[in-house]
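Asks: Quick one: the structure is below, questions incoming.
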4 protein chains.
Amino acid sequence: MGNSFGNIFCLTTFGESHGGGIGAILDGCPAGLEISREEIQVELDRRKPGQSKITTARKEADQVQILSGVKDGVTLGTSIGLLILNEDAKSKSYDNLAELFRPSHADYTYQARYGLRDHRGGGRASNRETAARVAAGAIAKKLLFTLVGSTTLAWVEVIHQIQGEINPLQVTLDQIEANAVRCPDPVAAEKMYAAIAQAKREGNSLGGGLAFLVRGLPAGLGSPVFDKITARIAQGLMSIPATRSIGFGLGAAAAQMKGSEHNDPFILKQGRVTTPDNKAGGVLGGITSGDELYGQLFFKPTATLFMEQETVTQSLEPVRFIAQGRHDPCVLPRAVPIVEAMINLVLADELLGFAVANTDRLKKALA
Amino acid sequence: MGNSFGNIFCLTTFGESHGGGIGAILDGCPAGLEISREEIQVELDRRKPGQSKITTARKEADQVQILSGVKDGVTLGTSIGLLILNEDAKSKSYDNLAELFRPSHADYTYQARYGLRDHRGGGRASNRETAARVAAGAIAKKLLFTLVGSTTLAWVEVIHQIQGEINPLQVTLDQIEANAVRCPDPVAAEKMYAAIAQAKREGNSLGGGLAFLVRGLPAGLGSPVFDKITARIAQGLMSIPATRSIGFGLGAAAAQMKGSEHNDPFILKQGRVTTPDNKAGGVLGGITSGDELYGQLFFKPTATLFMEQETVTQSLEPVRFIAQGRHDPCVLPRAVPIVEAMINLVLADELLGFAVANTDRLKKALA
Amino acid sequence: MGNSFGNIFCLTTFGESHGGGIGAILDGCPAGLEISREEIQVELDRRKPGQSKITTARKEADQVQILSGVKDGVTLGTSIGLLILNEDAKSKSYDNLAELFRPSHADYTYQARYGLRDHRGGGRASNRETAARVAAGAIAKKLLFTLVGSTTLAWVEVIHQIQGEINPLQVTLDQIEANAVRCPDPVAAEKMYAAIAQAKREGNSLGGGLAFLVRGLPAGLGSPVFDKITARIAQGLMSIPATRSIGFGLGAAAAQMKGSEHNDPFILKQGRVTTPDNKAGGVLGGITSGDELYGQLFFKPTATLFMEQETVTQSLEPVRFIAQGRHDPCVLPRAVPIVEAMINLVLADELLGFAVANTDRLKKALA
Amino acid sequence: MGNSFGNIFCLTTFGESHGGGIGAILDGCPAGLEISREEIQVELDRRKPGQSKITTARKEADQVQILSGVKDGVTLGTSIGLLILNEDAKSKSYDNLAELFRPSHADYTYQARYGLRDHRGGGRASNRETAARVAAGAIAKKLLFTLVGSTTLAWVEVIHQIQGEINPLQVTLDQIEANAVRCPDPVAAEKMYAAIAQAKREGNSLGGGLAFLVRGLPAGLGSPVFDKITARIAQGLMSIPATRSIGFGLGAAAAQMKGSEHNDPFILKQGRVTTPDNKAGGVLGGITSGDELYGQLFFKPTATLFMEQETVTQSLEPVRFIAQGRHDPCVLPRAVPIVEAMINLVLADELLGFAVANTDRLKKALA
């Protein structure tokens, strides 16, 4: 319950922060897709800790093993087993936490749900589990690119109160990867970097916002009524630790508009139906329109602070404590590949559903 | 694909706007729950068209029939069949739309996905399908109230640029239902009403924002990692037509805060673990904390405008047209019971999952 | 829980024997399939009670209504709502049963599971629920025939101790429908009819066995490892009331053979890979081989007897009673269309899964 | 698609015979269950190759690793990652098979479905994948024993034409494990052993039949209508490689009986509702009655023969070949723990569903 994501192209994951390892089974990936361990590793490397001074000092090589489902660089159609062993687990740092509930962490709620918990590194609630998502997402990315040529990008738009100035339609992967913050506005990126570094020095943390954009999608992806593409991406992205809000198209700003301002007239461009401004964010009625799919995702500041905080223990005693261990003062730079992975997992799944949604496409498939 | 929602307590719906009727099968509702047709009808009446001058003039009695799963006012544990016949379907108004794609509607994307579509009243993309959700949500509401005493409220916070001033912790159902807008701030409600009426006169439409709040939940609901309670509610609410953004706790505002500002220290209150300010919105790590669960949901303005708009036809000819038919100039007042229904469906499902999430609770159940 | 069947092409049903009606939602049926109410009704008419003197005298017209998902005789791709109202429910016959557990019926086990039950006509445990399966199965049948030209037949092979002599490869629908027993061996059919009529006169009941055969399937249907086509058909058929055993290919007889006797060498016939004897029943490793898929299904005798039986009441008092009401003395003739429906539901679902199981087929679908 | 089994207590597996390893994620196991690696290993040791002279000579230690979900010998409620590395994979033996379709194996059908296949050792179609099921089944077994005290046994009843004489109600695990055949009739076991040894010498193989029995189940397990406990066990057992037929209670023999012979009158025994003869096999209407659940499962002879056979190659050339490698001449002795595992997986899942099937049990769980 809760560890699977997807209908046809379905990911199931396991793993605690300080257990033996984390991993995934990806079921429903079509046979015949070329995918190498290295293509998966590239995405994991974008997510892994220790990439810069503003991320956690935890050292994890995060080397993925493909245990099944791929032979000679090609998917077999069988379930794909992915494994990333845990290495640099300094569980000792958590010894003093076994008996207390860290504020704004999941310690208390896991205890309430399960009656016990793995207190080391947040256990299953750790951001570490997202490595399994990123590994599987790399396969989804390859499938999408191979079948329809679409590409998904995410980047940092805002850190704390520093807002980048970015034209989403122009953003490239190179611009995003050009700095440690993953903000394609280099001026803002520098300020963001300084702000995160400052927060780190203070033992404090910062929130922020990401944007995401998918280019090259066909019209028709998304399954009414509950599995609208927006609804499923919302589930996928809001399941990433520390997320607080998601928007599509103009997001919450659309709420303050009149229909005459917000509506997108349909026009023709090179024989294709499109819109001049795509205020809808590429989705109408939960189904992609062929325009770019875009939106925003907001994160709260990291819960771990290296300053004294109040809390209560498991035996319901008030205490004061200071966290130890290694944590990102701001999760956003490393969240970028996770966001892309989750979007790609949804899109790959819905692409398979799209292929069987009408008899014309089915007849071609079965011809 | 896409018409089911839930794992254990699972809703499946059907129905086009102008077809024979809409309905639902609710599977997994425990036996022994007292529920009457009237309790379901109350919620449908809150959603039905024609409640005031600012909602659509479409007349639908929306009388629900319980076809199975309930006997003598008590659930049998078998699947519950719910049916609402369509009545006032003025399909004629749509004759001129059969060949064109209405801007910002789902006509074009349904056509792209399915190769054909029911153009009458938006077909399956119509808000009308949400009546089936509201009917099933009424059963979820009763289950939650019976088992844990929780109550879910939603209300209008903002219409276009008019913001209500509302203390969420004090809001009551009576305040919400006191006016046609369903905004518990009576002064703002009056302005909102006037703004919607004015938009209607202009053939225009308005967007807005709702807030939601759940009181009385136990700590422990929500299934890591993909089925976090926030992720599932996000899917549920973002599957409601016209939604653009969702937030939990402080929502997007959390992104601009430091950890030292946003963290909620744990404190004890009458022996219970709680927090002074509940900035997290009652959810930590995707699991309820026992504090109030709250958030915000934003809607774009209705796509149907009674003014001339540009678009293209199915045969890719540019045209200008003016909509006919009957539509809400602002969907928010009628969205309130839909939002409550979707939240209750998630919570009921997760409550059943919670009951089997540890052996202590299971041993008690099986004793 | 338990009222849905299928992954992509997914059926969910509701309905008690003496409730308001029974029905189904069929989700995932591709758009563009031509299907009429009459095509569905034909299958329901094969299942409906009162077809001959050896079936129950209960009169149900079993007229199906299509409430959604089909417009102008073509599927829309949206969920299909199907409804059959209950008519001739003589609930009075069951008044004396409200307090006792009929032997070999589900009264006791429903009570144990749910704590209450609808005692009228067996409630949800009644064979009546299978009408919803047959209605949906008719759509699956049409989809299979349209996309790959396959046809599924079932027929009666044995009633009590009377065994038909039938060459499965030659059986036609006409032969099956030629007599009330649905046994394509007319000589055996006559004896079977007499035996059932005799059992009816005695207030007794008879068991028997069906055979099933699918012609025209492509090689490649079935999803290893748990959703092998045999495993899924086994679930589907063993979920039909009164079934006791299922076999594929040579069934239990294979257990008494040596590999050298049972193996099917591959040969070429008109350029197609096939086998001389198809002892495997058209399935290897849970995936169809393109040879005919065939097997056997065995039913116990009907539990309702019109003779005095011992049992206990809900308050745990031993009693003796004689059943009232109307029942089939032998369920097999009417089970034929149910068996076909369940097989077709599995095959339609697996056909959609097959279409997305490799990238070659997907590329063609998306071209 | 196809690699998951279960609704609430859900197993997903991966692994090819000669890939990196095989493994499983078990999701939905309640927290607080005591389970050790050794308890899992015990079951794997019963399944592993090389236990006696009549099983395959392949040497696999099949040592399971628990990678997540268990800490200090207690389940955490999070998904449980299980891994068994492959060791003794003599892929060379399969080099000559890369281009041909072995008769009665899944080579041809995998090729038809996926367009490619891992020819080494049967790839995903190998019986080797069942080790992952056995590992997860050991956890299901422990959960069942802990919560309700039930025990599941399977044993060999017939090998080829040698039938054991066994009173199922008296069978013990010790009797089953007392000989290499796992037949509790020692006289028959000796003959079976000799027959299998003889088949091995001849390069031939034998089929056979197992019986299974579950003691100590509460009444009420099983989810009408599609997830009847018999239907789900049928799916689970018929998904085991080489199975051909399954029966419950009297199985196919029930088909030749009259209702007056087959019906089980209810009686009271020590205040409990039961039946004198339990011909139903402990299930009524797909729900357990509290009487012993029992049935039979039949296997075809192993497809691999060490004698010359005809077949065709991938390029559709007829060839003759002789298999190499190491295979069981009869799969039944090693199938015993697999059968137990699959039954326990179904029962554990349905036990959780039972706990939430009525409000009385839920109220106790949530008290």
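Each chain in the structure tokens gets a letter, A, B and so on, in the order shown; residues start at 1 in every chain, and ligands are counted from 1 in the order they appear.
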Mind listing as an NGL selection string which residues of chain C are within 6 Å of chain A, counting only C-alpha atoms?
Replies: :C and (30-32 or 355 or 357-359 or 361 or 364-365)
Asks: Go ahead and save the picked residues with all heavy atoms, as a JSON list (two decimals), in the first residue's frame.
Replies:
```json
[["chain", "number", "residue", "atom", "x", "y", "z"],
["C", 30, "PRO", "N", -11.72, 0.59, -25.50],
["C", 30, "PRO", "CA", -11.25, 1.59, -26.46],
["C", 30, "PRO", "C", -12.41, 2.27, -27.18],
["C", 30, "PRO", "O", -13.47, 1.66, -27.39],
["C", 30, "PRO", "CB", -10.42, 0.78, -27.46],
["C", 30, "PRO", "CG", -10.16, -0.53, -26.82],
["C", 30, "PRO", "CD", -11.25, -0.75, -25.82],
["C", 31, "ALA", "N", -12.20, 3.51, -27.55],
["C", 31, "ALA", "CA", -13.19, 4.26, -28.34],
["C", 31, "ALA", "C", -13.24, 3.72, -29.76],
["C", 31, "ALA", "O", -12.27, 3.15, -30.26],
["C", 31, "ALA", "CB", -12.79, 5.73, -28.37],
["C", 32, "GLY", "N", -14.39, 3.89, -30.38],
["C", 32, "GLY", "CA", -14.49, 3.55, -31.80],
["C", 32, "GLY", "C", -14.98, 2.15, -32.07],
["C", 32, "GLY", "O", -15.04, 1.73, -33.23],
["C", 355, "ALA", "N", -0.80, -5.21, -26.83],
["C", 355, "ALA", "CA", -0.53, -4.11, -27.77],
["C", 355, "ALA", "C", 0.57, -3.19, -27.27],
["C", 355, "ALA", "O", 1.25, -2.53, -28.07],
["C", 355, "ALA", "CB", -1.81, -3.32, -28.04],
["C", 357, "ALA", "N", 3.07, -4.26, -25.11],
["C", 357, "ALA", "CA", 4.13, -5.07, -24.49],
["C", 357, "ALA", "C", 5.46, -4.98, -25.22],
["C", 357, "ALA", "O", 6.47, -5.43, -24.69],
["C", 357, "ALA", "CB", 3.69, -6.53, -24.37],
["C", 358, "ASN", "N", 5.47, -4.44, -26.43],
["C", 358, "ASN", "CA", 6.79, -4.16, -27.01],
["C", 358, "ASN", "C", 6.79, -2.89, -27.83],
["C", 358, "ASN", "O", 5.73, -2.38, -28.23],
["C", 358, "ASN", "CB", 7.39, -5.38, -27.72],
["C", 358, "ASN", "CG", 6.93, -5.56, -29.15],
["C", 358, "ASN", "OD1", 6.32, -4.69, -29.76],
["C", 358, "ASN", "ND2", 7.25, -6.71, -29.69],
["C", 359, "THR", "N", 7.95, -2.35, -28.01],
["C", 359, "THR", "CA", 8.06, -1.03, -28.63],
["C", 359, "THR", "C", 7.71, -1.07, -30.12],
["C", 359, "THR", "O", 7.26, -0.06, -30.66],
["C", 359, "THR", "CB", 9.47, -0.45, -28.44],
["C", 359, "THR", "OG1", 10.42, -1.46, -28.78],
["C", 359, "THR", "CG2", 9.69, -0.02, -27.01],
["C", 361, "ARG", "N", 5.21, -2.72, -31.56],
["C", 361, "ARG", "CA", 3.76, -2.51, -31.68],
["C", 361, "ARG", "C", 3.39, -1.09, -31.27],
["C", 361, "ARG", "O", 2.53, -0.45, -31.89],
["C", 361, "ARG", "CB", 3.01, -3.56, -30.85],
["C", 361, "ARG", "CG", 2.98, -4.94, -31.52],
["C", 361, "ARG", "CD", 2.05, -5.92, -30.83],
["C", 361, "ARG", "NE", 2.53, -6.33, -29.52],
["C", 361, "ARG", "CZ", 3.35, -7.37, -29.30],
["C", 361, "ARG", "NH1", 3.78, -8.12, -30.29],
["C", 361, "ARG", "NH2", 3.74, -7.65, -28.09],
["C", 364, "LYS", "N", 4.05, 1.41, -34.01],
["C", 364, "LYS", "CA", 3.01, 1.35, -35.04],
["C", 364, "LYS", "C", 1.74, 2.06, -34.56],
["C", 364, "LYS", "O", 1.11, 2.82, -35.30],
["C", 364, "LYS", "CB", 2.71, -0.10, -35.41],
["C", 364, "LYS", "CG", 3.82, -0.75, -36.24],
["C", 364, "LYS", "CD", 3.37, -2.06, -36.88],
["C", 364, "LYS", "CE", 3.36, -3.20, -35.87],
["C", 364, "LYS", "NZ", 2.78, -4.43, -36.42],
["C", 365, "ALA", "N", 1.37, 1.83, -33.30],
["C", 365, "ALA", "CA", 0.16, 2.46, -32.77],
["C", 365, "ALA", "C", 0.28, 3.98, -32.80],
["C", 365, "ALA", "O", -0.68, 4.69, -33.08],
["C", 365, "ALA", "CB", -0.10, 1.99, -31.34]]
```
Asks: Could you write out, as a PyMOL selection string, all the residues of region 152-367 of chain D that DSSP marks as strand (DSSP E)?
Replies: chain D and resi 152-159+162-163+208-215+243-248+267-269+272-274+283-284+287-288+293-299+309-312+318-321
Asks: Contacts of region 265-272 of chain A at 6 Å or less, counting only C-alpha atoms, minus same-chain residues fewer than 6 places along, as a list in words?
Replies: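 Skipping anything fewer than 6 positions along the chain leaves Pro103, Glu310, Thr311 and Val312 of chain B.
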Asks: Can you tell me how far CA of His105 (chain D) sits from CA of Thr12 (chain A), in Å to one decimal?
Replies: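 Interatomic distance here is 29.2 Å.
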Asks: Show which residues sit within 8 Å of Ile233 (chain C), as a list in words. Count only C-alpha atoms, and ignore same-chain residues fewer than 2 positions away.
Replies: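 Residues meeting the cut-off are Ile229, Thr230, Ala231, Gln235, Gly236, Leu237, Met342, Ile343 and Val346 of chain C; Gln235 of chain D.
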Asks: Give me, as a list in words, all polymer residues having an atom no more than 7 Å from region 173-187 of chain B, counting only C-alpha atoms and skipping those fewer than 2 positions away in the same chain.
Replies: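 Once the nearby chain positions are removed, what remains is Ser52, Leu153, Trp155, Val156, Glu157, Gly164, Glu165, Ile166, Val171, Ala189, Glu190, Lys191, Tyr193 and Pro333 of chain B.
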Asks: For region 131-133 of chain A, please output as a PDB file with C-alpha atoms, in the first residue's frame all residues within 10 Å (counting only C-alpha atoms; exclusion window: fewer than 2 positions along the same chain).
Replies:
```pdb
ATOM      1  CA  PHE A   5       2.840   4.266  -8.716  1.00  0.00           C
ATOM      2  CA  LEU A  11       6.866   1.493 -10.312  1.00  0.00           C
ATOM      3  CA  THR A  12       7.146  -0.137  -6.880  1.00  0.00           C
ATOM      4  CA  THR A  13       9.927   0.914  -4.527  1.00  0.00           C
ATOM      5  CA  PHE A  14      11.507  -0.099  -1.235  1.00  0.00           C
ATOM      6  CA  GLY A  15      14.194   1.145   1.063  1.00  0.00           C
ATOM      7  CA  GLY A  21      19.687  -0.495   0.229  1.00  0.00           C
ATOM      8  CA  ILE A  22      16.950   1.040  -1.786  1.00  0.00           C
ATOM      9  CA  GLY A  23      15.489  -0.200  -5.007  1.00  0.00           C
ATOM     10  CA  ALA A  24      12.633  -0.582  -7.362  1.00  0.00           C
ATOM     11  CA  ILE A  25      10.721  -2.918  -9.580  1.00  0.00           C
ATOM     12  CA  LEU A  26       9.488  -1.331 -12.770  1.00  0.00           C
ATOM     13  CA  GLU A  43      20.102  10.848 -13.595  1.00  0.00           C
ATOM     14  CA  LEU A  44      21.116   9.394 -10.252  1.00  0.00           C
ATOM     15  CA  ASP A  45      24.276  11.468 -10.366  1.00  0.00           C
ATOM     16  CA  ARG A  47      20.269  13.619  -7.597  1.00  0.00           C
ATOM     17  CA  LYS A  48      23.070  12.232  -5.464  1.00  0.00           C
ATOM     18  CA  ASP A  62      24.444   5.701  -5.571  1.00  0.00           C
ATOM     19  CA  VAL A  64      22.582   1.463  -9.623  1.00  0.00           C
ATOM     20  CA  LEU A  82      16.903  -1.935  -9.777  1.00  0.00           C
ATOM     21  CA  LEU A  83      19.146  -1.860  -6.719  1.00  0.00           C
ATOM     22  CA  ILE A  84      21.201   0.861  -5.041  1.00  0.00           C
ATOM     23  CA  ASN A 127      14.423  11.812   0.773  1.00  0.00           C
ATOM     24  CA  ARG A 128      16.803   8.959   0.050  1.00  0.00           C
ATOM     25  CA  GLU A 129      13.902   6.810  -1.238  1.00  0.00           C
ATOM     26  CA  ALA A 135      16.399   5.414 -11.495  1.00  0.00           C
ATOM     27  CA  ALA A 136      13.033   4.248 -12.818  1.00  0.00           C
ATOM     28  CA  GLY A 137      12.293   7.705 -14.158  1.00  0.00           C
ATOM     29  CA  ALA A 138      15.369   7.482 -16.371  1.00  0.00           C
ATOM     30  CA  ILE A 240       7.994  14.139  -3.099  1.00  0.00           C
ATOM     31  CA  PRO A 337      15.823  15.308 -11.307  1.00  0.00           C
ATOM     32  CA  ILE A 338      13.229  13.838  -8.922  1.00  0.00           C
ATOM     33  CA  VAL A 339      10.530  16.108 -10.322  1.00  0.00           C
ATOM     34  CA  GLU A 340      11.501  15.224 -13.875  1.00  0.00           C
ATOM     35  CA  ALA A 341      11.428  11.517 -12.981  1.00  0.00           C
ATOM     36  CA  MET A 342       7.949  11.663 -11.491  1.00  0.00           C
ATOM     37  CA  LEU A 345       6.739   8.138 -14.948  1.00  0.00           C
TER      38      LEU A 345
END
```
Asks: Quick one: residues within 9 Å of Val283 (chain B), only C-alpha atoms, excluding same-chain residues fewer than 2 positions away - as a list in words?
Replies: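 Close residues of Val283 (chain B): Ala106 and Thr109 of chain A; Ala219, Leu221, Gly222, Ile229, Thr230, Phe248, Gly249, Asn278, Ala280, Gly281, Gly285, Gly286, Ile287, Thr288, Ser289, Gly290, Asp291, Glu292, Leu293 and Tyr294 of chain B.
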